[in-house]
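> If it helps, the file is called my_file_10.tsv and holds TSV, C-alpha atoms and all ligand atoms:
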```
chain	number	residue	atom	x	y	z
N	9	MET	CA	-32.64	-28.94	35.15
N	10	ASN	CA	-35.76	-30.97	34.33
N	11	ALA	CA	-35.33	-34.73	34.10
N	12	ILE	CA	-37.53	-34.71	30.98
N	13	LYS	CA	-38.71	-31.71	29.00
N	14	ILE	CA	-41.22	-32.09	26.20
N	15	ASN	CA	-41.43	-29.05	23.93
N	16	ASN	CA	-44.27	-28.84	21.39
N	17	PHE	CA	-43.99	-32.53	20.60
N	18	THR	CA	-46.15	-33.45	17.62
N	19	LYS	CA	-46.37	-36.83	15.93
N	20	ILE	CA	-48.17	-37.52	12.69
N	21	TYR	CA	-48.06	-41.15	11.58
N	22	LYS	CA	-48.27	-41.56	7.83
N	23	ARG	CA	-49.66	-44.82	6.50
N	24	LYS	CA	-49.92	-44.88	2.71
N	25	SER	CA	-52.14	-41.86	2.03
N	26	LYS	CA	-53.62	-41.83	5.55
N	27	LYS	CA	-52.36	-39.53	8.28
N	28	VAL	CA	-52.93	-39.98	12.02
N	29	ASN	CA	-52.24	-36.93	14.14
N	30	ALA	CA	-51.40	-38.95	17.26
N	31	VAL	CA	-49.92	-36.15	19.43
N	32	LYS	CA	-50.41	-32.43	18.98
N	33	ASN	CA	-48.11	-29.74	20.40
N	34	LEU	CA	-47.54	-31.49	23.69
N	35	SER	CA	-45.45	-29.58	26.24
N	36	PHE	CA	-44.66	-30.38	29.85
N	37	ALA	CA	-41.70	-31.02	32.10
N	38	ILE	CA	-40.92	-33.67	34.68
N	39	ASN	CA	-38.80	-32.69	37.65
N	40	GLN	CA	-35.91	-34.70	39.02
N	41	GLY	CA	-37.03	-37.13	41.72
N	42	GLU	CA	-40.78	-37.03	41.12
N	43	ILE	CA	-43.17	-39.82	40.24
N	44	PHE	CA	-45.15	-38.43	37.36
N	45	GLY	CA	-48.26	-40.17	36.02
N	46	PHE	CA	-49.46	-40.04	32.41
N	47	LEU	CA	-53.18	-40.63	32.11
N	48	GLY	CA	-55.47	-40.78	29.14
N	49	PRO	CA	-57.99	-43.06	27.43
N	50	ASN	CA	-57.04	-45.64	24.80
N	51	GLY	CA	-55.47	-44.04	21.74
N	52	ALA	CA	-54.78	-40.75	23.58
N	53	GLY	CA	-51.10	-40.68	22.55
N	54	LYS	CA	-49.35	-41.94	25.68
N	55	SER	CA	-47.27	-44.71	24.09
N	56	THR	CA	-46.42	-42.44	21.15
N	57	THR	CA	-45.00	-39.85	23.56
N	58	ILE	CA	-43.11	-42.51	25.50
N	59	LYS	CA	-41.64	-43.98	22.31
N	60	ALA	CA	-40.46	-40.51	21.29
N	61	ILE	CA	-38.78	-40.04	24.69
N	62	MET	CA	-37.03	-43.37	24.08
N	63	GLY	CA	-35.92	-42.32	20.58
N	64	LEU	CA	-37.93	-45.15	19.00
N	65	ILE	CA	-39.86	-42.72	16.81
N	66	THR	CA	-38.87	-39.31	15.47
N	67	PRO	CA	-41.02	-36.28	16.34
N	68	THR	CA	-42.78	-34.72	13.38
N	69	LYS	CA	-42.32	-31.41	15.20
N	70	GLY	CA	-40.89	-30.26	18.52
N	71	GLU	CA	-38.23	-31.83	20.69
N	72	ILE	CA	-37.78	-33.85	23.84
N	73	LEU	CA	-34.87	-33.31	26.22
N	74	ILE	CA	-33.62	-35.82	28.78
N	75	ASN	CA	-31.44	-34.10	31.37
N	76	GLY	CA	-31.03	-31.34	28.80
N	77	VAL	CA	-29.90	-33.67	25.97
N	78	SER	CA	-32.07	-34.29	22.89
N	79	SER	CA	-33.85	-37.66	22.85
N	80	GLN	CA	-32.55	-38.04	19.29
N	81	ASN	CA	-29.11	-38.45	20.82
N	82	PRO	CA	-28.70	-41.99	22.25
N	83	GLN	CA	-26.35	-40.59	24.91
N	84	SER	CA	-29.44	-39.01	26.52
N	85	ARG	CA	-30.68	-42.49	27.51
N	86	LYS	CA	-27.54	-43.88	29.13
N	87	LYS	CA	-29.16	-43.66	32.55
N	88	VAL	CA	-32.76	-44.30	31.49
N	89	GLY	CA	-34.61	-47.55	32.18
N	90	TYR	CA	-37.54	-48.42	29.90
N	91	LEU	CA	-40.39	-50.87	30.13
N	92	PRO	CA	-42.46	-50.90	26.92
N	93	GLU	CA	-46.20	-51.53	26.69
N	94	ASN	CA	-46.75	-55.32	26.26
N	95	PRO	CA	-43.04	-56.16	26.44
N	96	SER	CA	-41.74	-59.11	24.44
N	97	PHE	CA	-38.24	-60.45	24.67
N	98	ILE	CA	-36.18	-63.07	22.84
N	99	ASP	CA	-38.17	-65.83	24.44
N	100	SER	CA	-35.49	-68.50	24.37
N	101	LEU	CA	-33.58	-66.42	26.92
N	102	SER	CA	-34.20	-67.15	30.57
N	103	GLY	CA	-35.18	-64.37	32.95
N	104	LEU	CA	-31.70	-64.52	34.43
N	105	ASP	CA	-30.10	-64.24	30.95
N	106	LEU	CA	-32.24	-61.19	30.18
N	107	LEU	CA	-31.24	-59.43	33.38
N	108	LEU	CA	-27.54	-60.22	32.89
N	109	PHE	CA	-27.79	-58.96	29.32
N	110	SER	CA	-29.47	-55.71	30.38
N	111	ALA	CA	-26.93	-55.11	33.16
N	112	THR	CA	-23.79	-55.88	31.14
N	113	MET	CA	-25.09	-53.83	28.19
N	114	HIS	CA	-25.05	-50.89	30.58
N	115	GLY	CA	-21.49	-51.50	31.69
N	116	ILE	CA	-22.11	-53.43	34.93
N	117	ASP	CA	-19.48	-56.10	35.60
N	118	LYS	CA	-20.62	-59.72	35.43
N	119	LYS	CA	-20.23	-60.46	39.13
N	120	THR	CA	-22.26	-57.45	40.29
N	121	ALA	CA	-24.81	-58.16	37.54
N	122	LYS	CA	-25.36	-61.69	38.84
N	123	VAL	CA	-25.81	-60.55	42.45
N	124	GLN	CA	-28.25	-57.82	41.37
N	125	ALA	CA	-30.15	-60.16	39.05
N	126	TYR	CA	-30.76	-62.75	41.77
N	127	LYS	CA	-31.73	-60.00	44.23
N	128	LEU	CA	-34.36	-58.61	41.84
N	129	LEU	CA	-35.64	-62.06	40.81
N	130	GLU	CA	-36.09	-62.90	44.47
N	131	GLU	CA	-37.82	-59.56	45.27
N	132	LEU	CA	-40.23	-59.98	42.37
N	133	GLY	CA	-41.04	-63.62	43.14
N	134	LEU	CA	-39.30	-64.99	40.03
N	135	LYS	CA	-36.43	-66.86	41.64
N	136	ASP	CA	-37.83	-70.32	40.88
N	137	ALA	CA	-38.32	-69.36	37.24
N	138	ALA	CA	-34.91	-67.66	36.90
N	139	LYS	CA	-33.42	-70.24	34.54
N	140	ARG	CA	-36.58	-71.08	32.58
N	141	PRO	CA	-37.02	-69.66	29.07
N	142	ILE	CA	-39.19	-66.53	29.05
N	143	ARG	CA	-41.59	-68.25	26.63
N	144	THR	CA	-42.78	-70.35	29.58
N	145	TYR	CA	-43.57	-67.22	31.65
N	146	SER	CA	-47.08	-65.95	32.30
N	147	LYS	CA	-48.03	-62.39	31.17
N	148	GLY	CA	-47.44	-60.99	34.66
N	149	MET	CA	-44.08	-62.76	34.93
N	150	VAL	CA	-42.94	-61.23	31.62
N	151	GLN	CA	-44.02	-57.82	32.92
N	152	LYS	CA	-42.03	-58.38	36.11
N	153	VAL	CA	-38.86	-59.57	34.41
N	154	GLY	CA	-39.12	-56.60	32.01
N	155	PHE	CA	-39.40	-54.25	34.95
N	156	ALA	CA	-36.37	-55.91	36.58
N	157	ALA	CA	-34.41	-55.50	33.32
N	158	SER	CA	-35.30	-51.80	33.25
N	159	ILE	CA	-33.96	-51.13	36.76
N	160	ILE	CA	-31.02	-53.57	37.10
N	161	PHE	CA	-28.42	-51.06	35.91
N	162	ASP	CA	-29.52	-48.45	38.48
N	163	PRO	CA	-30.89	-45.84	36.03
N	164	ASP	CA	-31.68	-42.30	37.19
N	165	ILE	CA	-34.88	-42.07	35.16
N	166	LEU	CA	-37.48	-44.75	34.59
N	167	ILE	CA	-39.96	-44.61	31.71
N	168	LEU	CA	-42.68	-47.22	32.10
N	169	ASP	CA	-45.60	-47.76	29.73
N	170	GLU	CA	-48.45	-49.25	31.77
N	171	PRO	CA	-46.08	-51.10	34.09
N	172	MET	CA	-48.80	-52.61	36.25
N	173	SER	CA	-51.18	-53.87	33.61
N	174	GLY	CA	-51.78	-57.60	33.92
N	175	LEU	CA	-50.44	-57.81	37.45
N	176	ASP	CA	-52.39	-59.32	40.32
N	177	PRO	CA	-53.03	-57.12	43.41
N	178	ILE	CA	-50.09	-58.55	45.37
N	179	SER	CA	-47.67	-57.99	42.50
N	180	ARG	CA	-49.04	-54.47	42.02
N	181	TYR	CA	-48.41	-53.82	45.70
N	182	GLU	CA	-44.81	-55.11	45.32
N	183	PHE	CA	-44.25	-52.94	42.23
N	184	LYS	CA	-45.60	-49.90	44.05
N	185	ASN	CA	-43.27	-50.52	46.97
N	186	LYS	CA	-40.37	-50.77	44.55
N	187	PHE	CA	-41.44	-47.45	42.96
N	188	LYS	CA	-41.51	-45.81	46.39
N	189	GLU	CA	-38.08	-47.26	47.22
N	190	LEU	CA	-36.68	-45.89	43.94
N	191	LYS	CA	-38.20	-42.48	44.63
N	192	GLN	CA	-36.53	-42.52	48.06
N	193	LYS	CA	-33.24	-43.01	46.24
N	194	GLY	CA	-33.95	-39.85	44.22
N	195	LYS	CA	-34.93	-41.57	40.97
N	196	THR	CA	-37.41	-39.99	38.55
N	197	ILE	CA	-40.30	-42.18	37.40
N	198	PHE	CA	-42.60	-41.37	34.50
N	199	PHE	CA	-45.31	-43.94	33.90
N	200	SER	CA	-48.53	-44.25	31.96
N	201	SER	CA	-51.47	-46.02	33.50
N	202	HIS	CA	-55.18	-46.67	33.38
N	203	ILE	CA	-55.27	-47.83	36.98
N	204	ILE	CA	-56.44	-44.78	38.91
N	205	PRO	CA	-55.73	-46.03	42.46
N	206	ASP	CA	-52.12	-46.75	41.45
N	207	VAL	CA	-51.71	-43.22	40.13
N	208	GLU	CA	-53.39	-41.79	43.21
N	209	ASP	CA	-51.15	-43.75	45.53
N	210	LEU	CA	-47.84	-42.99	43.84
N	211	CYS	CA	-47.77	-39.76	41.88
N	212	ASN	CA	-46.75	-36.24	42.82
N	213	ARG	CA	-48.27	-34.93	39.61
N	214	ILE	CA	-50.18	-36.26	36.64
N	215	ALA	CA	-50.59	-35.12	33.06
N	216	VAL	CA	-53.93	-35.95	31.48
N	217	ILE	CA	-53.97	-36.30	27.69
N	218	ASN	CA	-56.87	-36.94	25.33
N	219	ARG	CA	-56.90	-37.31	21.54
N	220	GLY	CA	-53.27	-36.22	21.35
N	221	SER	CA	-53.66	-32.98	23.32
N	222	LEU	CA	-52.70	-32.18	26.87
N	223	ILE	CA	-55.76	-31.43	28.96
N	224	ASP	CA	-53.89	-30.31	32.06
N	225	ILE	CA	-51.25	-31.08	34.66
N	226	PHE	CA	-52.60	-31.78	38.14
N	227	GLU	CA	-50.92	-31.85	41.52
N	228	MET	CA	-52.12	-35.00	43.27
N	229	GLU	CA	-52.65	-33.15	46.55
N	230	SER	CA	-54.82	-30.48	44.93
N	231	ILE	CA	-56.95	-33.11	43.21
N	232	LYS	CA	-57.59	-34.66	46.60
N	233	VAL	CA	-58.69	-31.27	47.98
N	234	LEU	CA	-60.82	-30.54	44.91
N	235	SER	CA	-62.48	-33.91	45.26
N	236	THR	CA	-63.80	-33.13	48.75
N	237	SER	CA	-67.50	-32.59	48.24
N	238	GLY	CA	-68.57	-32.44	51.89
N	239	TYR	CA	-68.00	-33.65	55.43
N	240	GLU	CA	-69.48	-36.08	57.92
N	241	ILE	CA	-69.51	-34.68	61.44
N	242	PHE	CA	-69.70	-37.20	64.28
N	243	PHE	CA	-70.55	-35.78	67.70
N	244	LYS	CA	-71.88	-36.57	71.15
N	245	GLY	CA	-74.25	-34.37	73.17
N	246	ASN	CA	-77.87	-33.92	74.05
N	247	VAL	CA	-78.56	-31.15	71.60
N	248	CYS	CA	-81.53	-30.90	69.36
N	249	PHE	CA	-80.18	-31.20	65.84
N	250	ASP	CA	-81.42	-33.06	62.81
N	251	SER	CA	-78.93	-35.93	62.93
N	252	GLU	CA	-78.62	-39.66	62.47
N	253	VAL	CA	-78.08	-41.54	65.76
N	254	LEU	CA	-75.43	-44.26	65.67
N	255	PRO	CA	-74.52	-46.88	68.29
N	256	GLY	CA	-72.71	-45.48	71.34
N	257	GLU	CA	-74.86	-42.31	71.40
N	258	ILE	CA	-72.83	-40.92	68.54
N	259	LYS	CA	-74.71	-38.66	66.17
N	260	LYS	CA	-73.87	-37.96	62.57
N	261	ILE	CA	-74.64	-35.11	60.22
N	262	THR	CA	-73.52	-34.74	56.63
N	263	VAL	CA	-72.90	-31.26	55.23
N	264	PRO	CA	-71.61	-29.79	51.97
N	265	SER	CA	-68.07	-28.29	52.20
N	266	LYS	CA	-69.34	-24.72	52.19
N	267	ASP	CA	-71.54	-25.31	55.26
N	268	LEU	CA	-68.91	-26.92	57.49
N	269	LEU	CA	-67.97	-23.89	59.60
N	270	ASN	CA	-71.55	-22.64	60.00
N	271	THR	CA	-72.73	-26.07	61.04
N	272	LEU	CA	-69.97	-26.42	63.65
N	273	GLU	CA	-70.83	-22.98	65.09
N	274	ASN	CA	-74.51	-23.81	65.05
N	275	LEU	CA	-73.84	-27.06	66.91
N	276	LYS	CA	-71.74	-25.29	69.54
N	277	SER	CA	-74.44	-22.69	70.11
N	278	LYS	CA	-76.98	-25.39	70.94
N	279	GLY	CA	-75.22	-26.65	74.06
N	280	GLU	CA	-72.65	-29.13	75.32
N	281	VAL	CA	-71.25	-30.89	72.26
N	282	GLU	CA	-68.23	-33.15	71.87
N	283	ILE	CA	-66.97	-33.50	68.30
N	284	VAL	CA	-65.83	-37.11	67.84
N	285	SER	CA	-64.52	-36.75	64.29
N	286	ILE	CA	-64.92	-34.85	61.02
N	287	ASN	CA	-64.41	-36.93	57.89
N	288	PRO	CA	-64.05	-35.47	54.39
N	289	LEU	CA	-66.30	-37.06	51.79
N	290	GLN	CA	-64.20	-37.52	48.69
N	291	GLU	CA	-65.41	-38.19	45.23
N	292	ASP	CA	-63.28	-41.02	43.93
N	293	LEU	CA	-60.54	-40.13	41.47
N	294	GLU	CA	-62.00	-42.42	38.82
N	295	THR	CA	-65.13	-40.22	38.67
N	296	ILE	CA	-63.03	-37.05	38.56
N	297	PHE	CA	-60.90	-38.48	35.77
N	298	VAL	CA	-63.95	-39.39	33.70
N	299	GLU	CA	-65.35	-35.87	34.29
N	300	ILE	CA	-62.06	-34.28	33.16
N	301	ILE	CA	-62.00	-36.37	29.97
N	302	ASN	CA	-65.68	-35.74	29.20
N	303	LYS	CA	-65.27	-32.00	29.78
N	304	SER	CA	-62.30	-31.93	27.38
N	305	LYS	CA	-64.46	-33.63	24.73
N	306	ILE	CA	-67.11	-30.92	25.05
N	307	ASN	CA	-64.53	-28.11	25.00
N	308	GLY	CA	-62.42	-29.70	22.27
Z	1	LIG	N1	-47.46	-46.95	14.02
Z	1	LIG	C1	-48.62	-46.31	13.94
Z	1	LIG	N2	-49.17	-46.00	12.74
Z	1	LIG	C2	-50.34	-45.32	12.64
Z	1	LIG	N3	-51.05	-44.90	13.70
Z	1	LIG	C3	-50.55	-45.18	14.92
Z	1	LIG	C4	-49.33	-45.89	15.12
Z	1	LIG	N4	-49.10	-46.02	16.45
Z	1	LIG	C5	-50.13	-45.41	17.07
Z	1	LIG	N5	-51.00	-44.91	16.16
Z	1	LIG	C6	-52.24	-44.15	16.45
Z	1	LIG	O1	-51.87	-43.04	17.26
Z	1	LIG	C7	-52.87	-42.80	18.25
Z	1	LIG	C8	-52.22	-42.82	19.62
Z	1	LIG	O2	-51.80	-44.15	19.91
Z	1	LIG	P1	-50.99	-44.52	21.23
Z	1	LIG	O3	-50.54	-45.93	21.08
Z	1	LIG	O4	-49.96	-43.49	21.44
Z	1	LIG	O5	-52.14	-44.39	22.34
Z	1	LIG	P2	-52.13	-44.75	23.90
Z	1	LIG	O6	-52.54	-43.53	24.63
Z	1	LIG	O7	-50.85	-45.39	24.27
Z	1	LIG	O8	-53.34	-45.80	23.99
Z	1	LIG	P3	-53.52	-47.12	24.92
Z	1	LIG	O9	-54.02	-46.63	26.24
Z	1	LIG	O10	-54.56	-47.91	24.19
Z	1	LIG	O11	-52.20	-47.83	25.00
Z	1	LIG	C9	-53.94	-43.84	18.03
Z	1	LIG	O12	-54.95	-43.26	17.23
Z	1	LIG	C10	-53.25	-44.95	17.27
Z	1	LIG	O13	-54.13	-45.64	16.43
Z	2	MG	MG	-50.34	-47.23	24.97
```
How does the structure come out when it is put into C-alpha cells?
Ligand SMILES: Nc1ncnc2c1ncn2[C@@H]1O[C@H](COP(=O)(O)OP(=O)(O)OP(=O)(O)O)[C@@H](O)[C@H]1O
Ligand SMILES: [Mg+2]

Amino acid sequence: MNAIKINNFTKIYKRKSKKVNAVKNLSFAINQGEIFGFLGPNGAGKSTTIKAIMGLITPTKGEILINGVSSQNPQSRKKVGYLPENPSFIDSLSGLDLLLFSATMHGIDKKTAKVQAYKLLEELGLKDAAKRPIRTYSKGMVQKVGFAASIIFDPDILILDEPMSGLDPISRYEFKNKFKELKQKGKTIFFSSHIIPDVEDLCNRIAVINRGSLIDIFEMESIKVLSTSGYEIFFKGNVCFDSEVLPGEIKKITVPSKDLLNTLENLKSKGEVEIVSINPLQEDLETIFVEIINKSKING
C-alpha cells in the first residue's frame, strides 16, 4: 500500500467573488520508506497540497489517502508528523513544553516524553534554550523545535513544508542527517523545498508542480544520468591528440557524451595510452529545474 496516494486532487479557493484554482487534478503516490521531494516555484500549489494531506483544507475535488485511509478522517494522521510552512506556536510555551505537549498528545507517557524531548533538543542544538519561551527563539530555532515536535512521537510518515528554509548550512546538514536516519528506520518523508542541493542529496523521487499542475515525477538517479552532458578524459601517453596538458604530464580532453566511446577507441589506436580518469560533466540540477519549469510554461 502507498504511504500517501493523491487522486485527482483539485483545490479552488473562493474569496468573495474571486476564485483561485490553486491545484488542478493532481495525482501521484508516495511509497512507504521513500524520501519524496515536492518542487515548484512560489504559488505552485505545494502548501495547498500539503494542507489537504493534513486535513487542514477540504479538496474541491478528488481525494487523498494516507495508508489507505481518507485524509478527511483524522484517524489517518495518527502516525503522521507535520511541520507547517513558517510554523508559529503558542509563544509563551518553552521548547521543552512544546515537545512534551506534542509527545503526550500522541499517547507517549510523560517519562519517555521527557527523555525523548531532551535527546532531540540536544541533537538539534537547543538544549540551552529548552526552558526559554519560544518567543525568544530565532527563526531557525523555531523551525528546529517545530521539526522536533513533528518527530518526537515516532511517526511513520513525515510531511514537511519547506523544513530547511531559514536554516544555516550546519543546521541544514544536521536536519539532512536526521532525515537519513529516519529513512534508515523505514520512515516515509514527503517534503517541499526550493533548495535544490537538499532535494538532490536526499530524495529518491521528486514531483515537480507548476501553476497547480503536475509537470512530472522524476527518479533522482535518472535526473543525474540525464544531466550528464559530456566527459573529461584524463590520460597519460606520448600520443598526438588535440589535448590540454596538465601538470604531471597528464593530458585532458573534453568530449560530448555521444563521442565518449569513439574518442576512447581513437586514443587507443594512436599508441600507448594510460587512462587516468573519466569524469562526467553534469549540468547542475538548478539549471535542469529551471529548464523543466520554463518548458512547462511554453507547453502549458
Ligand atoms: N487561503 C487562500 N485563499 C486564496 N488563495 C490562496 C489561499 N492559499 C493559497 N492561495 C493561492 O493558491 C496558490 C497556491 O498557493 P500555495 O501556498 O499552495 O503555493 P506554494 O507552492 O506553497 O508557494 P510557496 O513556494 O510560495 O510557498 C497561490 O496562487 C496562492 O495565492
Ligand atoms: Mg508554500
> Counting all atoms listed in the file, what is within 10 Å of Thr68 (chain N), bar same-chain residues fewer than 4 positions away, as a PyMOL selection string?
chain N and resi 17-21+29+31-32
> Step by step, measure atom-to-atom distances between ligand MG 2 (chain Z) and each residue using only C-alpha atoms and all ligand atoms, keep those at most 12 Å, then write them as a VMD selection string.
chain N and resid 30 46 to 59 91 to 95 168 to 171 173 199 to 202 217 220
> Kindly indicate which residue among N:Glu294, N:Ser102, N:Ser221, N:Lys184 lies nearest to ligand LIG 1 (chain Z), using only C-alpha atoms and all ligand atoms for the distances.
N:Ser221
> Find, counting only C-alpha atoms and all ligand atoms, the residue in N:Arg213, N:Arg219, N:Lys119, N:Leu106 that gets nearest to ligand LIG 1 (chain Z).
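Closest to ligand LIG 1 (chain Z) of all the choices is N:Arg219.
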> Hey, could you pull the box centre and edge lengths for ligand LIG 1 (chain Z), axis-aligned, 5 Å padding per side, all listed atoms, to one decimal in Å, as JSON?

```
{"center_x": -51.2, "center_y": -45.4, "center_z": 19.4, "size_x": 17.5, "size_y": 15.1, "size_z": 23.6}
```
> Which of these residues is nearest to Phe187 (chain N), using all atoms listed in the file: N:Gly279, N:Ala156, N:Phe243, N:Ala37?
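Of N:Gly279, N:Ala156, N:Phe243, N:Ala37, the one nearest Phe187 (chain N) is N:Ala156, counting all atoms listed in the file.
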> How about completing region 258-289 of chain N with N, CA and C atoms and giving it to me as a short mmCIF file (atom, residue, chain, number, x, y, z; two decimals), in the coordinates of the input?

```
data_model
loop_
_atom_site.label_atom_id
_atom_site.label_comp_id
_atom_site.auth_asym_id
_atom_site.auth_seq_id
_atom_site.Cartn_x
_atom_site.Cartn_y
_atom_site.Cartn_z
N ILE N 258 -73.52 -41.84 69.46
CA ILE N 258 -72.83 -40.92 68.54
C ILE N 258 -73.83 -40.47 67.47
N LYS N 259 -73.80 -39.19 67.20
CA LYS N 259 -74.71 -38.66 66.17
C LYS N 259 -73.91 -38.21 64.95
N LYS N 260 -74.59 -38.30 63.81
CA LYS N 260 -73.87 -37.96 62.57
C LYS N 260 -74.68 -37.00 61.73
N ILE N 261 -73.99 -35.95 61.23
CA ILE N 261 -74.64 -35.11 60.22
C ILE N 261 -73.71 -34.99 59.02
N THR N 262 -74.32 -34.87 57.85
CA THR N 262 -73.52 -34.74 56.63
C THR N 262 -73.80 -33.36 56.03
N VAL N 263 -72.71 -32.62 55.75
CA VAL N 263 -72.90 -31.26 55.23
C VAL N 263 -72.03 -31.03 54.00
N PRO N 264 -72.49 -30.15 53.09
CA PRO N 264 -71.61 -29.79 51.97
C PRO N 264 -70.42 -28.98 52.49
N SER N 265 -69.30 -28.97 51.75
CA SER N 265 -68.07 -28.29 52.20
C SER N 265 -68.34 -26.86 52.67
N LYS N 266 -69.15 -26.14 51.90
CA LYS N 266 -69.34 -24.72 52.19
C LYS N 266 -70.06 -24.49 53.53
N ASP N 267 -70.76 -25.49 54.03
CA ASP N 267 -71.54 -25.31 55.26
C ASP N 267 -70.83 -25.82 56.51
N LEU N 268 -69.59 -26.27 56.36
CA LEU N 268 -68.91 -26.92 57.49
C LEU N 268 -68.78 -25.98 58.70
N LEU N 269 -68.22 -24.79 58.47
CA LEU N 269 -67.97 -23.89 59.60
C LEU N 269 -69.27 -23.46 60.27
N ASN N 270 -70.25 -23.06 59.45
CA ASN N 270 -71.55 -22.64 60.00
C ASN N 270 -72.19 -23.72 60.84
N THR N 271 -72.11 -24.96 60.33
CA THR N 271 -72.73 -26.07 61.04
C THR N 271 -72.04 -26.29 62.39
N LEU N 272 -70.71 -26.21 62.39
CA LEU N 272 -69.97 -26.42 63.65
C LEU N 272 -70.36 -25.33 64.67
N GLU N 273 -70.46 -24.08 64.19
CA GLU N 273 -70.83 -22.98 65.09
C GLU N 273 -72.25 -23.16 65.61
N ASN N 274 -73.11 -23.57 64.71
CA ASN N 274 -74.51 -23.81 65.05
C ASN N 274 -74.63 -24.89 66.13
N LEU N 275 -73.84 -25.95 65.94
CA LEU N 275 -73.84 -27.06 66.91
C LEU N 275 -73.42 -26.56 68.28
N LYS N 276 -72.33 -25.79 68.29
CA LYS N 276 -71.74 -25.29 69.54
C LYS N 276 -72.75 -24.41 70.28
N SER N 277 -73.50 -23.63 69.49
CA SER N 277 -74.44 -22.69 70.11
C SER N 277 -75.63 -23.40 70.76
N LYS N 278 -75.80 -24.68 70.41
CA LYS N 278 -76.98 -25.39 70.94
C LYS N 278 -76.74 -26.04 72.29
N GLY N 279 -75.48 -26.06 72.74
CA GLY N 279 -75.22 -26.65 74.06
C GLY N 279 -73.92 -27.42 74.10
N GLU N 280 -73.87 -28.33 75.08
CA GLU N 280 -72.65 -29.13 75.32
C GLU N 280 -72.49 -30.16 74.19
N VAL N 281 -71.46 -29.97 73.37
CA VAL N 281 -71.25 -30.89 72.26
C VAL N 281 -69.79 -31.35 72.22
N GLU N 282 -69.60 -32.65 72.04
CA GLU N 282 -68.23 -33.15 71.87
C GLU N 282 -68.09 -33.67 70.43
N ILE N 283 -67.20 -33.03 69.67
CA ILE N 283 -66.97 -33.50 68.30
C ILE N 283 -66.10 -34.76 68.36
N VAL N 284 -66.60 -35.85 67.80
CA VAL N 284 -65.83 -37.11 67.84
C VAL N 284 -64.88 -37.17 66.63
N SER N 285 -65.41 -36.85 65.46
CA SER N 285 -64.52 -36.75 64.29
C SER N 285 -65.22 -36.04 63.14
N ILE N 286 -64.40 -35.50 62.23
CA ILE N 286 -64.92 -34.85 61.02
C ILE N 286 -64.24 -35.53 59.84
N ASN N 287 -65.02 -36.20 59.01
CA ASN N 287 -64.41 -36.93 57.89
C ASN N 287 -64.75 -36.28 56.56
N PRO N 288 -63.73 -36.01 55.73
CA PRO N 288 -64.05 -35.47 54.39
C PRO N 288 -64.70 -36.55 53.53
N LEU N 289 -65.67 -36.12 52.74
CA LEU N 289 -66.30 -37.06 51.79
C LEU N 289 -65.67 -36.79 50.44
#
```
